[in-house]
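Visitor: Please find one structure pasted underneath; my questions will follow.
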Amino acid sequence: MNRLSSYNLVFAISLALSACQSVSVPTPEITDTEDFSEEIAEAVAPAPTPEPIVYGSFTKDELNRAIINELSGRRGYLPDAAEDYYALAKETGDLGIIRRASQFASAMGDTARMTELAQMWIDKDPDSIEPHMMLSSQFVENGRFDEALVHMARVLDLGGRIDFSSLSSRTENLSPQARAELIAGIRELRKDYPAVRSLHYSLIQLLEQAQQPQIAMTELDAYRSEYGNSARMMLIEAQLLLQQDQAQKSLDVLKTGIDEYPDNRLMRFNYARVLVQIEDLENARAQFSTLAEMAPDDYETLYSLALLDLELESISNAKNLLARLVRVNYRPNESHFYLGYIAEKEGNAREAIAQYQQVRISADNFVNAQRLAIRLLIQEGSIEESHDWVMRVSSGNPRLEILLTTVEADALIAAGRMDFADILLTESISKYPQDTDLLFARALVNERQGNMPSSEQDLRRIIELEPQDSRALNHLGYTLADSTDRYDEALALLERAIAVSPEDPAIIDSLAWAQYKLGLYEEALANLERAYVVFPDPEVAAHLGEVLWAMGRRDEASRVWGDALRQAPDSDLLKDVIERFKTGTRS
């Protein structure tokens with residue numbers, strides 16, 4: 001198949017409306033958690049405060065250093081005091097010094113030393129709760145959840161209190177196996193401490209994250225029976241219903257939640273999020289509008305509103321919101337990008353170009369923005385200006401220069417300026433003679449100009465430079481199979497390509513086409529059927545039908561073509577194949 005994975009720009013203005021639990025709406029900074037204050041002890045070691053140290057048996061010099069460190073801490077010289085306290089703790093092994101050094105390390109945010117000192121503290125005083133609190137906090141912060149659980153359990157063993165929800169609130173990205181082990185650990189702890197409310201809550205959260213909605217719902221019902229309902233429980237229930245593809249029931253729960261907790265922004269946000277998921281964008285926008293009224297400076301909500309306005313074609317509203325975000329420098333790259341889209345939609349090419357060009361190089365949508373700016377410049381005939389912009393924005397960055405040069409060449413090709421594209425790529429190749437992307441782009445230009453020898457030369461140069469480049473192997477192999485009678489050569493190239501990318505349906509199609517040309521119909525049919533399952537493209541359908549026709553299975557061929565044409569009624573390729581074979585004018 002002589003097909004490239006060409007870039008089809010799809011503006012991200014339409015919010016993802018999949019049936020999965022998540023929706024691509026930016027999440028505002030809204031939090032809502034259960035209150036476990038009655039279970040919470042000190043979560044971290046306190047900052048240094050003037051409190052007496054119970055000195056052990058050490059030298060007068062060490063005593064003087066401790067006193068100096070205390071004075072330094074009071075006067076704000078924390079780094080020096082923390083450093084010397086750490087050294088003194090290592091030298092003396094004194095519990096009072098270790099405890100004080102831990103507090104100074106905590107104030108400095110020195111997690112490595114806090115962990116080390118807390119372990120020294122435990123070695124000296126195994127029944128002290130505070131170092132276990134410190135270690136559990138540090139392990140949670142560092143994602144070492146199994147180790148955190150050990151110290152949290154020890155706090156309970158020693159009669160302390162701790163909030164286990166801090167554990168499950170950080171485990172969204174945990175591997176399935178690690179989460180399963182953590183769930184097992186929480187369940188074991190619950191056997192010994194069934195009255196610890198945050199343990200039960202943490203278990204529900206972990207089950208939700210593990211995509212075990214039915215088990216989580218059972219635990220949630222038990223939690224409610226013990227502690228009553230809450231906004232957070234309703235939010236979790238709504239999420240669990242979504243995991244079971246029960247969007248309407250989830251909406252009902254969230255609507256009830258809004259009625260019961262009208263000031264709960266997270267409840268309202270999730271209600272709006274599910275409305276987006278079921279494509280009720282008007283009502284979703286109304287909820288985001290209410291959220292914006294509740295917190296006028298919540299710019300993330302304003303950004304969500306702007307995207308919804310774009311989707312609902314309320315262009316003026318979207319434009320005003322995006323301009324406001326630009327003024328406060330919130331999401332400036334995204335805002336400039338969409339303002340460019342709006343200007344283009346309004347027919348103001350120059351304004352669109354200016355907006356796209358303001359997207360910074362650090363942004364995820366930088367390349368897309370430059371692609372659009374370059375296309376617009378070339379469409380209006382400003383070829384030199386487009387090239388000047390490419391060179392200016394990529395100055396000092398060869399990889400970016402090469403990328404944007406290929407973008408520029410694509411835009412020139414789309415505008416029918418093959419001559420300029422050829423000159424541009426040839427100049428760039430003289431500067432970067434071993435860049436395979438530039439060589440491939442020029443191969444395409446030469447092919448479109450009918451200069452097949454030059455195209456083949458560039459493709460073979462790529463294969464020489466990168467023997468495993470399946471893109472070049474596939475393109476050259478398909479071209480030889482489709483446009484020449486060098487079928488054996490084509491098959492050899494395509495067998496190399498399929499060895500590199502065995503699951504690529506485009507290469508499978510190309511291989512099948514070479515096999516068909518060599519009369520290997522059964523092999524070709526098997527490969528085309530495999531390609532068509534994963535990639536029901538008009539070109540694959542055309543090839544599949546042609547092979548079936550050649551094998552005498554004409555009803556099946558007609559059915560394949562007919563089904564494909566219904567899916568792609570504008571496909572000239574399909575229409576041409578059907579016309580050639582059904583009228584008996586096969587060439």
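Labeling convention for the structure tokens: chains A, B, ... as they appear, residues from 1 per chain, ligands from 1 in order of appearance.
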Mind checking which residues fall within 9 Å of stretch 225-235 of chain A, counting only C-alpha atoms, ignoring those fewer than 2 positions away in the same chain, and posting them as a list in words?
Guide: Asp32, Thr33, Glu34, Arg197, Leu220, Asp221, Ala222, Tyr223, Glu237, Ala238, Gln239, Leu240, Ser250, Val253, Leu254, Thr256, Gly257, Glu260, Tyr261, Asn264, Leu266, Met267 and Asn270 of chain A
Visitor: How would the residues just picked look written out with C-alpha atoms as a short mmCIF file (atom, residue, chain, number, x, y, z; two decimals), in the first residue's frame?
Guide:
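This is the output file result16.cif:
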```cif
data_model
loop_
_atom_site.label_atom_id
_atom_site.label_comp_id
_atom_site.auth_asym_id
_atom_site.auth_seq_id
_atom_site.Cartn_x
_atom_site.Cartn_y
_atom_site.Cartn_z
CA ASP A 32 -13.50 17.11 48.40
CA THR A 33 -12.45 14.52 50.94
CA GLU A 34 -13.92 12.69 53.88
CA ARG A 197 -12.78 4.64 59.31
CA LEU A 220 -19.32 1.59 49.94
CA ASP A 221 -22.75 0.38 51.11
CA ALA A 222 -21.16 -1.08 54.24
CA TYR A 223 -19.34 2.21 54.87
CA GLU A 237 -20.84 5.98 43.78
CA ALA A 238 -21.28 8.04 40.62
CA GLN A 239 -17.82 7.03 39.43
CA LEU A 240 -18.48 3.36 40.17
CA SER A 250 -24.49 8.21 37.63
CA VAL A 253 -26.74 10.33 41.83
CA LEU A 254 -24.83 13.51 40.95
CA THR A 256 -29.20 14.42 43.89
CA GLY A 257 -25.78 15.38 45.20
CA GLU A 260 -28.11 18.15 48.74
CA TYR A 261 -24.76 19.94 48.47
CA ASN A 264 -19.99 21.48 46.41
CA LEU A 266 -16.60 18.96 42.74
CA MET A 267 -20.11 17.47 42.68
CA ASN A 270 -18.52 15.76 37.88
#
```
Visitor: Quick one: residues within 12 Å of stretch 448-455 of chain A, only C-alpha atoms, excluding same-chain residues fewer than 5 positions away - as number ranges by chain?
Guide: A: 413-414, 416-419, 421-422, 426, 439-443, 460-462, 472, 475-476, 479-480, 483-484
Visitor: I'd like the interatomic distance between atom CA of A:Thr115 and atom CA of A:Gly96, to a tenth of an Å.
Guide: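 Value for the atom CA of A:Thr115-atom CA of A:Gly96 distance: 16.5 Å.
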Visitor: Just to confirm, what's the straight-line distance from atom CA of A:Glu523 to atom CA of A:Glu447 in Å (one decimal)?
Guide: 28.8 Å
Visitor: Would you mind listing what lies within 12 Å of A:Glu188 as number ranges by chain, with only C-alpha atoms counted and same-chain residues fewer than 2 positions away left out?
Guide: A: 149-150, 153, 181-186, 190-194, 199-200, 203
Visitor: Please return as a ChimeraX atom specification: the residues of stretch 146-263 of chain A that backbone DSSP assigns to alpha helix (DSSP H).
Guide: /A:146-157,165-168,176-192,197-209,213-227,231-243,247-260
Visitor: If you count only C-alpha atoms, which residues fall within 8 Å of A:Ala490, apart from same-chain ones fewer than 3 positions away, as a PDB file with N, CA, C and O atoms, in the first residue's frame?
Guide:
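Listed below is the output, selection.pdb:
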```
ATOM      1  N   LEU A 476       8.758   1.701  -1.328  1.00  0.00           N
ATOM      2  CA  LEU A 476       9.430   1.271  -2.555  1.00  0.00           C
ATOM      3  C   LEU A 476       8.877  -0.069  -3.032  1.00  0.00           C
ATOM      4  O   LEU A 476       8.625  -0.263  -4.232  1.00  0.00           O
ATOM      5  N   GLY A 477       8.652  -0.996  -2.088  1.00  0.00           N
ATOM      6  CA  GLY A 477       8.123  -2.298  -2.469  1.00  0.00           C
ATOM      7  C   GLY A 477       6.758  -2.180  -3.120  1.00  0.00           C
ATOM      8  O   GLY A 477       6.495  -2.808  -4.161  1.00  0.00           O
ATOM      9  N   TYR A 478       5.879  -1.379  -2.542  1.00  0.00           N
ATOM     10  CA  TYR A 478       4.542  -1.227  -3.120  1.00  0.00           C
ATOM     11  C   TYR A 478       4.613  -0.549  -4.487  1.00  0.00           C
ATOM     12  O   TYR A 478       3.919  -0.942  -5.429  1.00  0.00           O
ATOM     13  N   THR A 479       5.450   0.468  -4.602  1.00  0.00           N
ATOM     14  CA  THR A 479       5.571   1.177  -5.878  1.00  0.00           C
ATOM     15  C   THR A 479       6.035   0.233  -6.976  1.00  0.00           C
ATOM     16  O   THR A 479       5.489   0.256  -8.095  1.00  0.00           O
ATOM     17  N   LEU A 480       7.014  -0.615  -6.672  1.00  0.00           N
ATOM     18  CA  LEU A 480       7.498  -1.565  -7.674  1.00  0.00           C
ATOM     19  C   LEU A 480       6.420  -2.585  -8.041  1.00  0.00           C
ATOM     20  O   LEU A 480       6.277  -2.968  -9.210  1.00  0.00           O
ATOM     21  N   ALA A 481       5.626  -3.015  -7.038  1.00  0.00           N
ATOM     22  CA  ALA A 481       4.575  -3.993  -7.310  1.00  0.00           C
ATOM     23  C   ALA A 481       3.426  -3.377  -8.093  1.00  0.00           C
ATOM     24  O   ALA A 481       2.819  -4.036  -8.950  1.00  0.00           O
ATOM     25  N   ARG A 486       8.460  -5.485 -11.664  1.00  0.00           N
ATOM     26  CA  ARG A 486       9.576  -6.001 -10.866  1.00  0.00           C
ATOM     27  C   ARG A 486       9.022  -6.629  -9.576  1.00  0.00           C
ATOM     28  O   ARG A 486       9.333  -6.230  -8.459  1.00  0.00           O
ATOM     29  N   TYR A 487       8.148  -7.631  -9.746  1.00  0.00           N
ATOM     30  CA  TYR A 487       7.389  -8.164  -8.627  1.00  0.00           C
ATOM     31  C   TYR A 487       8.261  -8.916  -7.615  1.00  0.00           C
ATOM     32  O   TYR A 487       8.042  -8.809  -6.401  1.00  0.00           O
ATOM     33  N   LEU A 493      11.522  -6.723  -0.854  1.00  0.00           N
ATOM     34  CA  LEU A 493      11.507  -5.507  -0.039  1.00  0.00           C
ATOM     35  C   LEU A 493      10.385  -5.557   1.002  1.00  0.00           C
ATOM     36  O   LEU A 493      10.583  -5.191   2.178  1.00  0.00           O
ATOM     37  N   LEU A 494       9.219  -6.016   0.581  1.00  0.00           N
ATOM     38  CA  LEU A 494       8.072  -6.032   1.488  1.00  0.00           C
ATOM     39  C   LEU A 494       8.206  -7.108   2.557  1.00  0.00           C
ATOM     40  O   LEU A 494       7.713  -6.940   3.681  1.00  0.00           O
ATOM     41  N   ALA A 514       1.812  -7.463  -3.683  1.00  0.00           N
ATOM     42  CA  ALA A 514       2.929  -8.068  -4.424  1.00  0.00           C
ATOM     43  C   ALA A 514       2.670  -9.560  -4.650  1.00  0.00           C
ATOM     44  O   ALA A 514       2.950 -10.103  -5.727  1.00  0.00           O
TER      45      ALA A 514
END
```
Visitor: Would you list the contacts of A:Ile129 as a list in words, taking every protein, DNA or RNA residue within 8 Å and counting only C-alpha atoms, but skipping same-chain residues closer than 6 positions in sequence?
Guide: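 Neighbouring residues, sequence-local ones excluded: Arg154, Val155, Leu158 and Gly160 of chain A.
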Visitor: Name all residues at most 9 Å from A:Glu539 (count only C-alpha atoms; drop same-chain ones fewer than 6 positions away) and give them as a PyMOL selection string.
Guide: chain A and resi 1+509+571+573-574
Visitor: Could the residues in this selection be written to a file with N, CA and C atoms, as a CSV table (one decimal), in the first residue's frame?
Guide:
```
chain,number,residue,atom,x,y,z
A,1,MET,N,0.8,-1.2,0.0
A,1,MET,CA,0.0,0.0,0.0
A,1,MET,C,0.9,1.2,0.0
A,509,ASP,N,-1.0,-5.1,3.6
A,509,ASP,CA,-1.7,-4.9,2.4
A,509,ASP,C,-0.7,-4.8,1.2
A,571,SER,N,-15.2,7.6,-2.3
A,571,SER,CA,-13.9,7.0,-2.7
A,571,SER,C,-13.8,6.8,-4.2
A,573,LEU,N,-11.3,5.7,-5.7
A,573,LEU,CA,-10.5,4.5,-6.0
A,573,LEU,C,-11.5,3.3,-6.0
A,574,LEU,N,-12.4,3.2,-5.1
A,574,LEU,CA,-13.4,2.1,-5.1
A,574,LEU,C,-14.3,2.2,-6.3
```
Visitor: Rounded to one decimal in Å, what is the spacing between atom CA of A:Gln103 and atom CA of A:Thr171?
Guide: 27.2 Å
Visitor: Set the distance at 9 Å and use only C-alpha atoms: which residues neighbour stretch 542-544 of chain A once local chain neighbours fewer than 2 positions away are removed? I'd like the list as a short mmCIF file (atom, residue, chain, number, x, y, z; two decimals) with N, CA and C atoms, in the first residue's frame.
Guide:
```cif
data_model
loop_
_atom_site.label_atom_id
_atom_site.label_comp_id
_atom_site.auth_asym_id
_atom_site.auth_seq_id
_atom_site.Cartn_x
_atom_site.Cartn_y
_atom_site.Cartn_z
N ASP A 509 -1.01 -5.11 3.65
CA ASP A 509 -1.71 -4.88 2.38
C ASP A 509 -0.73 -4.83 1.21
N ALA A 512 0.54 -8.27 0.42
CA ALA A 512 -0.50 -9.03 -0.29
C ALA A 512 -0.60 -8.60 -1.74
N TRP A 513 -0.41 -7.31 -2.01
CA TRP A 513 -0.51 -6.81 -3.38
C TRP A 513 0.62 -7.38 -4.25
N ALA A 524 -2.13 -13.95 -0.77
CA ALA A 524 -2.59 -12.57 -0.85
C ALA A 524 -3.92 -12.40 -0.14
N LEU A 525 -4.84 -13.34 -0.36
CA LEU A 525 -6.17 -13.25 0.26
C LEU A 525 -6.06 -13.31 1.78
N LEU A 528 -4.74 -9.96 3.02
CA LEU A 528 -5.70 -8.86 2.85
C LEU A 528 -6.84 -8.97 3.85
N GLU A 529 -7.31 -10.18 4.10
CA GLU A 529 -8.38 -10.34 5.09
C GLU A 529 -7.88 -9.94 6.47
N TYR A 532 -7.68 -6.12 6.52
CA TYR A 532 -8.97 -5.45 6.46
C TYR A 532 -9.70 -5.48 7.80
N ASP A 537 -10.01 0.07 5.31
CA ASP A 537 -9.75 1.24 4.47
C ASP A 537 -10.23 0.96 3.04
N PRO A 538 -10.68 1.99 2.30
CA PRO A 538 -11.14 1.77 0.92
C PRO A 538 -10.10 1.11 0.03
N GLU A 539 -8.82 1.47 0.20
CA GLU A 539 -7.80 0.87 -0.66
C GLU A 539 -7.62 -0.61 -0.36
N VAL A 540 -7.65 -0.97 0.92
CA VAL A 540 -7.55 -2.39 1.28
C VAL A 540 -8.77 -3.13 0.73
N GLU A 546 -10.48 -7.19 -5.52
CA GLU A 546 -9.82 -7.55 -6.77
C GLU A 546 -9.25 -8.97 -6.70
N VAL A 547 -8.67 -9.33 -5.55
CA VAL A 547 -8.14 -10.68 -5.40
C VAL A 547 -9.27 -11.71 -5.43
N LEU A 548 -10.36 -11.42 -4.73
CA LEU A 548 -11.51 -12.33 -4.75
C LEU A 548 -12.05 -12.50 -6.18
N TRP A 549 -12.12 -11.40 -6.90
CA TRP A 549 -12.61 -11.45 -8.28
C TRP A 549 -11.70 -12.35 -9.14
N ALA A 557 -16.56 -10.56 -3.90
CA ALA A 557 -15.86 -9.32 -4.27
C ALA A 557 -16.84 -8.16 -4.32
N VAL A 560 -17.83 -7.09 -0.82
CA VAL A 560 -16.78 -6.32 -0.15
C VAL A 560 -16.76 -4.90 -0.69
N TRP A 561 -16.81 -4.74 -2.00
CA TRP A 561 -16.80 -3.40 -2.59
C TRP A 561 -18.03 -2.59 -2.20
N ALA A 564 -17.81 -1.47 1.42
CA ALA A 564 -16.80 -0.42 1.57
C ALA A 564 -17.29 0.90 0.99
N LEU A 573 -11.27 5.72 -5.74
CA LEU A 573 -10.53 4.47 -5.96
C LEU A 573 -11.49 3.29 -6.04
N LEU A 574 -12.43 3.19 -5.10
CA LEU A 574 -13.40 2.10 -5.11
C LEU A 574 -14.29 2.15 -6.34
N VAL A 577 -12.36 0.89 -9.36
CA VAL A 577 -12.16 -0.57 -9.36
C VAL A 577 -13.46 -1.27 -9.74
N ILE A 578 -14.56 -0.86 -9.14
CA ILE A 578 -15.86 -1.49 -9.44
C ILE A 578 -16.22 -1.32 -10.92
#
```
